[in-house]
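S.K.: Following this line is structure_6.cif, made up of mmCIF, C-alpha atoms and all ligand atoms:
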data_structure
loop_
_atom_site.label_atom_id
_atom_site.label_comp_id
_atom_site.auth_asym_id
_atom_site.auth_seq_id
_atom_site.Cartn_x
_atom_site.Cartn_y
_atom_site.Cartn_z
CA MET A 24 -103.28 173.71 107.53
CA THR A 25 -100.81 174.41 110.31
CA ASP A 26 -99.09 177.75 110.40
CA ILE A 27 -96.21 177.50 107.92
CA ILE A 28 -93.20 179.77 107.83
CA SER A 29 -91.08 179.41 104.73
CA ARG A 30 -87.57 180.75 104.18
CA GLU A 31 -86.91 182.17 100.71
CA ILE A 32 -84.18 184.04 98.84
CA HIS A 33 -84.86 187.50 97.43
CA LEU A 34 -82.81 189.48 94.96
CA ILE A 35 -82.40 192.87 96.66
CA SER A 36 -80.09 194.67 94.22
CA ARG A 37 -78.95 194.11 90.64
CA PRO A 38 -75.36 192.85 90.35
CA THR A 39 -72.72 194.50 88.20
CA GLY A 40 -70.31 191.86 86.94
CA MET A 41 -70.00 188.87 89.25
CA PRO A 42 -72.85 188.89 91.83
CA THR A 43 -71.97 188.97 95.54
CA PRO A 44 -73.92 187.74 98.60
CA ALA A 45 -74.90 191.39 99.24
CA ASN A 46 -77.21 191.24 96.19
CA PHE A 47 -79.43 188.68 97.97
CA ALA A 48 -81.37 188.30 101.23
CA LEU A 49 -82.67 185.25 103.08
CA THR A 50 -86.12 186.16 104.42
CA GLN A 51 -89.06 184.43 106.10
CA THR A 52 -92.67 184.51 105.02
CA HIS A 53 -95.93 183.22 106.51
CA LEU A 54 -98.00 181.17 104.04
CA GLU A 55 -101.68 182.06 103.64
CA PRO A 56 -104.30 179.35 104.37
CA LEU A 57 -104.89 177.03 101.40
CA GLN A 58 -107.84 177.92 99.14
CA ASP A 59 -109.92 175.54 97.02
CA GLY A 60 -107.97 174.45 93.94
CA GLN A 61 -104.59 175.06 95.60
CA VAL A 62 -101.75 172.74 96.60
CA LEU A 63 -99.12 173.20 99.34
CA VAL A 64 -95.68 171.86 98.44
CA ARG A 65 -92.50 171.46 100.50
CA ASN A 66 -89.41 171.69 98.32
CA LEU A 67 -86.87 168.89 98.67
CA TYR A 68 -84.30 170.20 96.16
CA MET A 69 -83.84 173.44 94.26
CA SER A 70 -81.80 174.15 91.18
CA VAL A 71 -79.18 176.82 90.65
CA ASP A 72 -78.46 177.55 86.98
CA PRO A 73 -76.20 179.90 85.03
CA TYR A 74 -79.16 181.40 83.10
CA MET A 75 -80.39 182.91 86.37
CA ARG A 76 -77.53 185.41 86.16
CA GLY A 77 -79.22 186.99 83.12
CA ARG A 78 -82.50 187.32 85.03
CA MET A 79 -80.70 189.38 87.68
CA ASN A 80 -80.14 192.16 85.11
CA ASP A 81 -82.82 194.69 84.33
CA GLY A 82 -84.11 194.83 80.78
CA LYS A 83 -85.86 192.65 78.27
CA SER A 84 -84.65 189.16 77.46
CA TYR A 85 -86.22 185.82 76.57
CA VAL A 86 -87.24 185.50 80.25
CA PRO A 87 -88.38 188.42 82.43
CA PRO A 88 -85.93 189.82 85.00
CA PHE A 89 -86.28 188.81 88.67
CA GLU A 90 -88.17 191.47 90.60
CA LEU A 91 -86.27 193.18 93.40
CA GLY A 92 -87.53 192.37 96.90
CA LYS A 93 -89.44 189.27 95.73
CA PRO A 94 -88.45 185.58 95.91
CA MET A 95 -86.49 184.44 92.86
CA SER A 96 -87.88 181.54 90.83
CA GLY A 97 -86.27 178.46 89.31
CA GLY A 98 -86.51 174.70 89.05
CA ALA A 99 -87.41 172.68 92.15
CA VAL A 100 -88.53 169.20 93.19
CA GLY A 101 -90.94 168.97 96.09
CA GLU A 102 -93.49 166.86 97.91
CA VAL A 103 -97.18 167.72 98.22
CA VAL A 104 -97.98 168.36 101.89
CA GLU A 105 -101.65 169.27 101.56
CA SER A 106 -103.98 169.50 98.59
CA HIS A 107 -107.32 171.22 98.01
CA ALA A 108 -107.21 170.13 94.37
CA PRO A 109 -108.34 166.68 93.19
CA GLU A 110 -105.33 166.34 90.83
CA PHE A 111 -102.79 165.97 93.67
CA GLN A 112 -102.55 164.03 96.93
CA PRO A 113 -100.21 164.47 99.89
CA GLY A 114 -97.00 162.58 99.18
CA ASP A 115 -97.03 163.21 95.42
CA VAL A 116 -93.67 164.34 94.06
CA VAL A 117 -93.77 167.34 91.75
CA THR A 118 -91.44 169.63 89.86
CA SER A 119 -92.16 173.34 89.54
CA ASN A 120 -90.59 176.69 88.88
CA TYR A 121 -90.98 177.66 92.57
CA GLY A 122 -87.35 177.26 93.58
CA TRP A 123 -85.37 179.47 96.00
CA ARG A 124 -87.89 178.79 98.83
CA GLU A 125 -88.77 176.01 101.24
CA TYR A 126 -92.59 175.91 100.83
CA PHE A 127 -95.05 177.31 98.30
CA ILE A 128 -98.71 177.27 97.32
CA ALA A 129 -99.50 176.62 93.65
CA THR A 130 -102.27 175.65 91.28
CA PRO A 131 -102.22 172.16 89.69
CA GLN A 132 -101.31 173.71 86.32
CA GLU A 133 -98.02 174.96 87.82
CA LEU A 134 -96.97 171.47 88.95
CA HIS A 135 -95.59 168.49 87.02
CA ARG A 136 -95.97 165.10 88.72
CA VAL A 137 -92.94 162.78 88.60
CA SER A 138 -92.38 159.22 89.79
CA ARG A 139 -90.42 158.13 92.87
CA ASP A 140 -89.00 155.19 90.88
CA ILE A 141 -85.68 156.84 90.22
CA GLN A 142 -83.75 158.18 93.21
CA PRO A 143 -82.46 160.56 94.39
CA LEU A 144 -85.35 162.80 93.34
CA SER A 145 -82.85 165.54 92.44
CA VAL A 146 -82.50 163.57 89.18
CA TYR A 147 -85.50 165.68 88.04
CA LEU A 148 -83.25 168.74 88.07
CA GLY A 149 -80.37 166.94 86.31
CA ALA A 150 -80.51 163.96 83.95
CA LEU A 151 -84.33 163.91 83.91
CA GLY A 152 -84.78 167.64 84.37
CA LEU A 153 -84.51 170.69 82.18
CA THR A 154 -80.73 170.44 81.90
CA GLY A 155 -81.07 166.88 80.60
CA LEU A 156 -83.82 168.00 78.25
CA THR A 157 -81.53 170.80 77.01
CA ALA A 158 -78.84 168.28 76.09
CA TRP A 159 -81.42 166.01 74.44
CA ALA A 160 -82.97 168.88 72.47
CA GLY A 161 -79.57 170.18 71.36
CA LEU A 162 -78.64 166.85 69.79
CA TYR A 163 -82.00 166.73 67.99
CA LEU A 164 -81.71 170.31 66.82
CA VAL A 165 -78.71 169.59 64.59
CA ASP A 166 -79.52 165.92 63.99
CA VAL A 167 -76.47 164.40 65.66
CA LYS A 168 -75.77 160.98 64.11
CA ALA A 169 -73.55 157.96 64.69
CA GLU A 170 -69.99 158.60 63.47
CA ASP A 171 -70.26 162.37 64.08
CA VAL A 172 -67.31 163.80 65.98
CA ILE A 173 -68.81 166.14 68.56
CA PHE A 174 -66.97 168.62 70.75
CA ILE A 175 -68.68 169.84 73.94
CA SER A 176 -67.60 172.79 76.08
CA GLY A 177 -68.59 173.07 79.74
CA ALA A 178 -68.52 169.30 79.34
CA ALA A 179 -68.44 168.30 83.01
CA GLY A 180 -71.43 170.49 83.88
CA ALA A 181 -75.11 169.55 83.95
CA VAL A 182 -75.92 170.02 80.25
CA GLY A 183 -72.43 169.10 79.00
CA ASN A 184 -72.04 165.70 80.62
CA MET A 185 -75.56 164.72 79.56
CA ALA A 186 -74.94 165.87 75.98
CA GLY A 187 -71.78 163.75 75.92
CA GLN A 188 -73.40 160.64 77.39
CA LEU A 189 -76.39 160.91 75.03
CA ALA A 190 -74.07 161.44 72.05
CA LYS A 191 -72.10 158.33 73.04
CA LEU A 192 -75.38 156.38 73.09
CA ARG A 193 -75.95 157.59 69.52
CA GLY A 194 -72.56 156.24 68.50
CA CYS A 195 -70.62 159.50 68.20
CA ARG A 196 -66.98 160.16 68.98
CA VAL A 197 -67.16 162.63 71.89
CA ILE A 198 -64.57 165.19 72.97
CA GLY A 199 -65.05 167.45 75.97
CA ALA A 200 -63.39 170.52 77.49
CA ALA A 201 -63.57 171.15 81.24
CA GLY A 202 -61.74 173.19 83.85
CA SER A 203 -59.88 170.74 86.11
CA PRO A 204 -58.02 167.40 86.03
CA GLU A 205 -60.75 165.89 88.23
CA LYS A 206 -63.38 166.90 85.67
CA VAL A 207 -61.32 165.49 82.78
CA LYS A 208 -61.05 162.18 84.66
CA PHE A 209 -64.81 162.17 85.34
CA LEU A 210 -65.59 162.67 81.64
CA GLN A 211 -63.24 159.94 80.43
CA GLU A 212 -63.72 157.38 83.18
CA GLU A 213 -67.37 157.83 84.21
CA CYS A 214 -69.14 159.38 81.21
CA GLY A 215 -67.38 157.43 78.45
CA PHE A 216 -66.04 160.48 76.57
CA ASP A 217 -63.43 159.37 74.04
CA LEU A 218 -61.21 162.26 75.04
CA ALA A 219 -61.33 165.26 77.35
CA PHE A 220 -58.90 168.10 78.04
CA ASN A 221 -58.39 170.83 80.61
CA TYR A 222 -58.95 174.12 78.79
CA LYS A 223 -57.16 176.03 81.55
CA THR A 224 -53.77 174.38 81.04
CA GLY A 225 -53.01 175.15 77.39
CA SER A 226 -54.28 176.60 74.12
CA ILE A 227 -57.85 175.44 73.50
CA LEU A 228 -57.34 175.24 69.74
CA GLU A 229 -54.10 173.27 70.03
CA GLN A 230 -55.69 170.78 72.43
CA LEU A 231 -58.78 170.47 70.24
CA ASN A 232 -56.68 169.91 67.13
CA LEU A 233 -54.74 167.19 68.93
CA ALA A 234 -57.98 165.54 70.07
CA ALA A 235 -59.59 165.75 66.60
CA PRO A 236 -56.84 165.98 63.96
CA ASP A 237 -59.40 165.56 61.15
CA GLY A 238 -61.77 168.16 62.58
CA ILE A 239 -65.19 168.01 64.24
CA ASP A 240 -68.71 167.68 62.79
CA VAL A 241 -70.67 169.20 65.68
CA TYR A 242 -69.90 171.74 68.40
CA PHE A 243 -72.18 171.89 71.48
CA ASP A 244 -71.51 175.38 72.82
CA ASN A 245 -72.12 176.05 76.51
CA VAL A 246 -69.39 178.64 76.89
CA GLY A 247 -68.95 180.98 73.88
CA GLY A 248 -65.89 183.25 73.59
CA GLU A 249 -62.55 181.57 72.98
CA MET A 250 -64.14 178.11 73.01
CA LEU A 251 -66.47 179.04 70.12
CA GLU A 252 -63.54 180.56 68.24
CA ALA A 253 -61.54 177.31 68.54
CA ALA A 254 -64.55 175.24 67.46
CA LEU A 255 -65.12 177.44 64.38
CA SER A 256 -61.55 176.66 63.34
CA ALA A 257 -61.90 172.93 63.98
CA LEU A 258 -65.32 172.38 62.33
CA ARG A 259 -65.39 170.53 59.01
CA VAL A 260 -67.32 171.61 55.92
CA ASN A 261 -71.10 171.44 56.61
CA GLY A 262 -70.42 171.31 60.37
CA ARG A 263 -73.15 172.23 62.86
CA ILE A 264 -73.13 174.30 66.04
CA ILE A 265 -75.66 174.03 68.88
CA ALA A 266 -75.71 177.52 70.43
CA CYS A 267 -76.85 176.57 73.93
CA GLY A 268 -75.03 178.94 76.27
CA GLY A 269 -72.24 181.46 76.66
CA ILE A 270 -71.25 181.35 80.32
CA SER A 271 -67.83 182.92 79.65
CA GLY A 272 -69.63 186.24 79.07
CA TYR A 273 -72.46 186.15 81.65
CA ASN A 274 -70.64 188.35 84.19
CA ALA A 275 -68.91 190.60 81.64
CA GLN A 276 -69.35 194.29 82.41
CA THR A 277 -68.82 195.39 78.82
CA PRO A 278 -69.97 193.66 75.61
CA GLN A 279 -67.52 190.95 74.57
CA PRO A 280 -66.07 190.92 71.04
CA GLY A 281 -67.34 188.10 68.83
CA PRO A 282 -65.03 185.39 67.50
CA SER A 283 -62.48 186.80 65.04
CA ASN A 284 -63.06 183.89 62.65
CA LEU A 285 -66.84 184.00 62.05
CA PHE A 286 -66.18 183.96 58.31
CA ASN A 287 -65.64 180.18 58.74
CA ILE A 288 -69.46 179.97 58.75
CA THR A 289 -69.40 181.07 55.11
CA THR A 290 -66.36 179.23 53.85
CA LYS A 291 -67.27 175.93 55.52
CA ARG A 292 -71.05 176.30 54.99
CA LEU A 293 -71.67 175.86 58.72
CA THR A 294 -75.08 175.86 60.43
CA MET A 295 -75.49 177.44 63.87
CA LYS A 296 -78.80 176.90 65.67
CA GLY A 297 -79.98 178.57 68.87
CA LEU A 298 -81.76 176.60 71.56
CA ILE A 299 -84.13 177.62 74.37
CA VAL A 300 -85.22 174.60 76.39
CA SER A 301 -88.70 175.95 77.18
CA ASP A 302 -89.55 175.50 73.47
CA TRP A 303 -89.09 171.75 74.02
CA LEU A 304 -91.41 171.15 76.98
CA GLY A 305 -93.82 169.37 74.63
CA CYS A 306 -91.19 166.61 74.22
CA ARG A 307 -90.85 166.10 77.98
CA GLY A 308 -92.98 162.93 78.00
CA GLU A 309 -90.86 161.18 75.37
CA PHE A 310 -87.64 162.51 76.93
CA GLU A 311 -88.57 161.27 80.44
CA HIS A 312 -89.55 157.89 79.03
CA VAL A 313 -86.37 157.30 77.00
CA VAL A 314 -83.86 158.90 79.36
CA GLY A 315 -85.66 157.40 82.38
CA ASP A 316 -85.04 153.97 80.86
CA TYR A 317 -81.36 154.83 80.32
CA CYS A 318 -81.11 155.86 84.00
CA ARG A 319 -82.89 152.72 85.27
CA SER A 320 -80.75 150.40 83.12
CA GLY A 321 -77.51 152.11 84.14
CA LYS A 322 -76.73 153.25 80.58
CA LEU A 323 -76.63 156.82 81.75
CA LYS A 324 -75.16 158.34 84.89
CA ASN A 325 -76.83 161.20 86.78
CA LYS A 326 -73.91 163.05 88.31
CA GLU A 327 -74.59 165.88 90.74
CA THR A 328 -72.92 168.14 93.27
CA VAL A 329 -75.22 168.58 96.26
CA VAL A 330 -75.00 171.38 98.81
CA VAL A 331 -77.30 171.29 101.84
CA GLY A 332 -79.42 174.17 103.15
CA ILE A 333 -81.22 177.18 101.72
CA ASN A 334 -78.77 179.38 103.62
CA ASN A 335 -76.07 178.05 101.24
CA ALA A 336 -78.10 178.54 98.05
CA VAL A 337 -76.52 181.86 97.05
CA SER A 338 -72.92 180.68 97.50
CA THR A 339 -73.84 177.50 95.60
CA PHE A 340 -75.18 179.60 92.72
CA LEU A 341 -72.01 181.73 92.71
CA GLY A 342 -69.95 178.52 92.68
CA LEU A 343 -71.22 177.78 89.15
CA PHE A 344 -69.08 180.65 87.87
CA GLU A 345 -66.02 179.26 89.67
CA GLY A 346 -66.47 175.75 88.29
CA LYS A 347 -67.25 174.26 91.72
CA ASN A 348 -69.69 171.67 90.36
CA ILE A 349 -69.25 168.34 88.62
CA GLY A 350 -72.54 167.41 86.98
CA LYS A 351 -75.70 169.20 88.07
CA MET A 352 -75.37 171.67 90.94
CA VAL A 353 -78.33 171.30 93.34
CA VAL A 354 -79.31 172.52 96.78
CA LYS A 355 -80.94 170.00 99.12
CA LEU A 356 -83.44 171.66 101.42
CA GLU A 357 -83.61 170.40 105.00
P1 LIG B 401 -72.92 173.87 84.40
O1 LIG B 401 -73.36 172.73 85.25
O2 LIG B 401 -72.11 173.59 83.19
O3 LIG B 401 -72.13 174.87 85.37
C1 LIG B 401 -71.38 175.89 84.91
C2 LIG B 401 -69.94 175.45 84.49
O4 LIG B 401 -69.48 176.38 83.53
C3 LIG B 401 -68.93 175.50 85.62
O5 LIG B 401 -68.90 174.33 86.38
C4 LIG B 401 -67.63 175.76 84.88
O6 LIG B 401 -67.00 174.54 84.54
C5 LIG B 401 -68.07 176.44 83.59
N1 LIG B 401 -67.67 177.87 83.58
C6 LIG B 401 -67.96 178.79 84.52
N2 LIG B 401 -67.44 179.99 84.17
C7 LIG B 401 -66.79 179.79 82.98
C8 LIG B 401 -66.03 180.62 82.11
N3 LIG B 401 -65.85 181.91 82.38
N4 LIG B 401 -65.50 180.06 80.99
C9 LIG B 401 -65.68 178.75 80.72
N5 LIG B 401 -66.39 177.92 81.50
C10 LIG B 401 -66.93 178.42 82.62
O7 LIG B 401 -74.19 174.69 83.96
P2 LIG B 401 -75.36 174.14 83.03
O8 LIG B 401 -74.99 172.82 82.49
O9 LIG B 401 -76.63 174.31 83.75
O10 LIG B 401 -75.34 175.18 81.84
C11 LIG B 401 -74.33 175.10 80.82
C12 LIG B 401 -74.61 176.16 79.78
O11 LIG B 401 -75.85 175.87 79.14
C13 LIG B 401 -74.75 177.57 80.34
O12 LIG B 401 -74.19 178.48 79.43
C14 LIG B 401 -76.25 177.76 80.43
O13 LIG B 401 -76.63 179.10 80.41
C15 LIG B 401 -76.69 177.00 79.19
N6 LIG B 401 -78.08 176.53 79.25
C16 LIG B 401 -78.88 176.88 78.21
C17 LIG B 401 -80.16 176.45 78.15
C18 LIG B 401 -80.99 176.84 76.98
O14 LIG B 401 -82.21 176.62 76.99
N7 LIG B 401 -80.38 177.42 75.95
C19 LIG B 401 -80.76 175.63 79.22
C20 LIG B 401 -79.80 175.25 80.25
C21 LIG B 401 -78.51 175.72 80.25
P3 LIG B 401 -65.41 174.45 84.25
O15 LIG B 401 -64.77 174.06 85.54
O16 LIG B 401 -65.33 173.42 83.21
O17 LIG B 401 -64.97 175.82 83.79
#
Show me this structure written as structure tokens.
Ligand code: NDP

M.R.:
Amino acid sequence: MTDIISREIHLISRPTGMPTPANFALTQTHLEPLQDGQVLVRNLYMSVDPYMRGRMNDGKSYVPPFELGKPMSGGAVGEVVESHAPEFQPGDVVTSNYGWREYFIATPQELHRVSRDIQPLSVYLGALGLTGLTAWAGLYLVDVKAEDVIFISGAAGAVGNMAGQLAKLRGCRVIGAAGSPEKVKFLQEECGFDLAFNYKTGSILEQLNLAAPDGIDVYFDNVGGEMLEAALSALRVNGRIIACGGISGYNAQTPQPGPSNLFNITTKRLTMKGLIVSDWLGCRGEFEHVVGDYCRSGKLKNKETVVVGINNAVSTFLGLFEGKNIGKMVVKLE
């Protein structure tokens, strides 16, 4: 193995509120020689995701916090460069949780082999990755059926646009909320949403009521806050909520008040189910098979916003909180 220097991003201080570039450092590390049973991988793409903001805080959560002064982790797609394990050969394409770095050494158990059939390979962070699986799992969780009217917040993002496209394939009427006219156009013209609106240009509830005068059956929540409050008002009796994310509160410095109208859960007999995608990894084979076919046949679009270079990874992550992405936000490593 030749001498390999890898650049990687460390968290060096815990942010308060919105993170800044000063919370991170780009460092270099020398990789150790490969041992028996190990695989050397060069990352081609890495993922930036809103949930990573929670891991920058200290304290217990469903995932452990990032350690200060160590490389952060996250989804990545890479190519095997060298292998001392029989399970992998140079040239194999793998996904892993070793993002935020250019190269890494792993055991076979830490790698998931994927096919080169579908390109670009960043699809394994988006439509065929964990964000796609999140959308897929969410629809299963509350048994979304044909004829359901489903409202999706954060609709033009990675999870949101996939949830909408998959719901359309199930025969639903799909309504989305997103933060710019360009995103609204993308949802209606490229993703087949029946209707989308810009939540920044008017009352969310008024726009939702206009889009669904008879109410909604399902709410796919990526945002929380005001969006959840509007959905609680618009849901019909026996409606269902997929509690996937709450990005509107991720950078809040004080606890946010809950929706003022939670009592709708009682009066309308609503069901609200939480979702953590890692619980669904056992379904990945079926998901990759079905959604892979949708991608190959053109029934489903993998939209992404690609930024090049590990030196831009932090600003790309921060861009998620400013709505800079349409579809999945990914960093291409050079
Ligand atoms: P996105 O691709 O949707 O990117 C984030 C988007 O959120 C932005 O583009 C922006 O779009 C919107 N946004 C940012 N700040 C705010 C705000 N203050 N209020 C409203 N919208 C905002 O990210 P993902 O698709 O990866 O994630 C979507 C949600 O799903 C997140 O909450 C995430 O944490 C959650 N998630 C949960 C998982 C689970 O297992 N439960 C797994 C994966 C994701 P816009 O311009 O429209 O405002």

S.K.: Determine, counting all atoms listed in the file, which protein, DNA and RNA residues have an atom within 12 Å of an atom of range 52-58 of chain A; residues of the same chain fewer than 6 positions away are not included. Present the result as number ranges by chain.

M.R.: A: 24-33, 64-65, 93-94, 104-108, 124-130

S.K.: Once 4 Å is added on each side, what are the centre and the three edge lengths, in Å to one decimal, of the axis-aligned box enclosing the listed atoms of ligand LIG 401 (chain B)? Present them as JSON.

M.R.:
{"center_x": -73.5, "center_y": 177.3, "center_z": 81.2, "size_x": 25.4, "size_y": 17.2, "size_z": 18.4}

S.K.: Give me, as a short mmCIF file (atom, residue, chain, number, x, y, z; two decimals) with C-alpha atoms, in the frame of the given file, the set of residues whose atoms come within 7 Å of any atom of ligand LIG 401 (chain B), counting all atoms listed in the file.

M.R.:
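Listed below is the output, result.cif:
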data_model
loop_
_atom_site.label_atom_id
_atom_site.label_comp_id
_atom_site.auth_asym_id
_atom_site.auth_seq_id
_atom_site.Cartn_x
_atom_site.Cartn_y
_atom_site.Cartn_z
CA ASP A 72 -78.46 177.55 86.98
CA PRO A 73 -76.20 179.90 85.03
CA TYR A 74 -79.16 181.40 83.10
CA LEU A 153 -84.51 170.69 82.18
CA THR A 154 -80.73 170.44 81.90
CA THR A 157 -81.53 170.80 77.01
CA GLY A 177 -68.59 173.07 79.74
CA ALA A 178 -68.52 169.30 79.34
CA ALA A 179 -68.44 168.30 83.01
CA GLY A 180 -71.43 170.49 83.88
CA ALA A 181 -75.11 169.55 83.95
CA VAL A 182 -75.92 170.02 80.25
CA GLY A 183 -72.43 169.10 79.00
CA ALA A 200 -63.39 170.52 77.49
CA ALA A 201 -63.57 171.15 81.24
CA GLY A 202 -61.74 173.19 83.85
CA SER A 203 -59.88 170.74 86.11
CA ASN A 245 -72.12 176.05 76.51
CA VAL A 246 -69.39 178.64 76.89
CA CYS A 267 -76.85 176.57 73.93
CA GLY A 268 -75.03 178.94 76.27
CA GLY A 269 -72.24 181.46 76.66
CA ILE A 270 -71.25 181.35 80.32
CA SER A 271 -67.83 182.92 79.65
CA GLY A 272 -69.63 186.24 79.07
CA LEU A 298 -81.76 176.60 71.56
CA ILE A 299 -84.13 177.62 74.37
CA VAL A 300 -85.22 174.60 76.39
CA SER A 301 -88.70 175.95 77.18
CA LEU A 343 -71.22 177.78 89.15
CA PHE A 344 -69.08 180.65 87.87
CA GLU A 345 -66.02 179.26 89.67
CA GLY A 346 -66.47 175.75 88.29
CA LYS A 347 -67.25 174.26 91.72
CA ASN A 348 -69.69 171.67 90.36
CA ILE A 349 -69.25 168.34 88.62
CA GLY A 350 -72.54 167.41 86.98
CA LYS A 351 -75.70 169.20 88.07
CA MET A 352 -75.37 171.67 90.94
#

S.K.: List every protein, DNA or RNA residue that has at least one atom no more than 10 Å from (-72.2, 154.1, 68.5) in the file's coordinates, counting all atoms listed in the file, and write the result as a ChimeraX atom specification.

M.R.: /A:168-171,190-196

S.K.: State, in Å with one decimal place, the distance from CA of Tyr222 in chain A to CA of Lys326 in chain A.

M.R.: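 The value is 20.9 Å.
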
S.K.: Extract, using only C-alpha atoms, all DNA, RNA and protein residues at most 8 Å from range 208-212 of chain A, discarding same-chain residues fewer than 5 positions from it, and format them as a list of chain:residue names.

M.R.: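 With the cut-off at 8 Å, the set is A:Ala178, A:Ala179, A:Asn184, A:Gly199, A:Asp217, A:Leu218, A:Ala219.
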
S.K.: Between CA of Ile288 in chain A and CA of Leu156 in chain A, what is the spacing in Å?

M.R.: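 Between CA of Leu156 in chain A and CA of Ile288 in chain A the gap is 27.0 Å.
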
S.K.: List as a tab-separated table (two decimals) with C-alpha atoms, in the frame of the given file the protein and nucleic acid residues near Asn284 in chain A, meaning an atom at most 9 Å away when all atoms listed in the file are counted, but skip any in the same chain fewer than 3 places from it.

M.R.:
chain	number	residue	atom	x	y	z
A	252	GLU	CA	-63.54	180.56	68.24
A	253	ALA	CA	-61.54	177.31	68.54
A	255	LEU	CA	-65.12	177.44	64.38
A	256	SER	CA	-61.55	176.66	63.34
A	281	GLY	CA	-67.34	188.10	68.83
A	287	ASN	CA	-65.64	180.18	58.74
A	288	ILE	CA	-69.46	179.97	58.75

S.K.: Between CA of Leu67 in chain A and CA of Glu357 in chain A, what is the distance in Å, rounded to a tenth?

M.R.: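 Separating CA of Leu67 in chain A from CA of Glu357 in chain A is a distance of 7.3 Å.
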
S.K.: I'd like to know which of A:Val313, A:Met185, A:Ile173, A:Leu148 is closest to Ala235 in chain A, using all atoms listed in the file.

M.R.: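 Among A:Val313, A:Met185, A:Ile173, A:Leu148, it is A:Ile173 that comes nearest to Ala235 in chain A.
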
S.K.: Compare A:Val167, A:Ala254, A:Met75, A:Met69 by their minimum atom-to-atom distance to Tyr273 in chain A, counting all atoms listed in the file, and give me the closest one.

M.R.: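 For Tyr273 in chain A, the nearest of the given residues is A:Met75.
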
S.K.: Compare A:Phe174, A:Phe340, A:Phe89, A:Tyr317 by their minimum atom-to-atom distance to Val241 in chain A, counting all atoms listed in the file, and give me the closest one.

M.R.: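 When distances to Val241 in chain A are compared using all atoms listed in the file, the smallest one comes from A:Phe174.
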
S.K.: Would you mind telling me which residue in A:Cys214, A:Val337, A:Leu91, A:Leu49 lies nearest to Arg37 in chain A when using all atoms listed in the file?

M.R.: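 Among the listed residues, the smallest separation from Arg37 in chain A belongs to A:Leu91.
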
S.K.: Between A:Pro88, A:Gly225, A:Pro109, A:Pro236, single out the one closest to Leu258 in chain A, counting all atoms listed in the file.

M.R.: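 The answer is A:Pro236, which sits nearest to Leu258 in chain A.
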
S.K.: Counting only C-alpha atoms, which of A:Gly321, A:Pro143, A:Gly77, A:Gly332 gets nearest to Pro38 in chain A?

M.R.: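 The shortest atom-to-atom distance to Pro38 in chain A comes from A:Gly77.
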
S.K.: Counting all atoms listed in the file, which residues come within 12 Å of (-78.5, 154.5, 86.0), with the point read in the file's coordinates, and could you list them as a VMD selection string?

M.R.: chain A and resid 140 to 143 146 150 to 151 188 213 to 214 314 to 326

S.K.: May I have the residues within 8 Å of Leu162 in chain A as a list in words, using all atoms listed in the file and disregarding those fewer than 3 positions away in the same chain?

M.R.: Ala158, Trp159, Val165, Asp166, Val167, Ala186, Ala190 and Ile265 of chain A
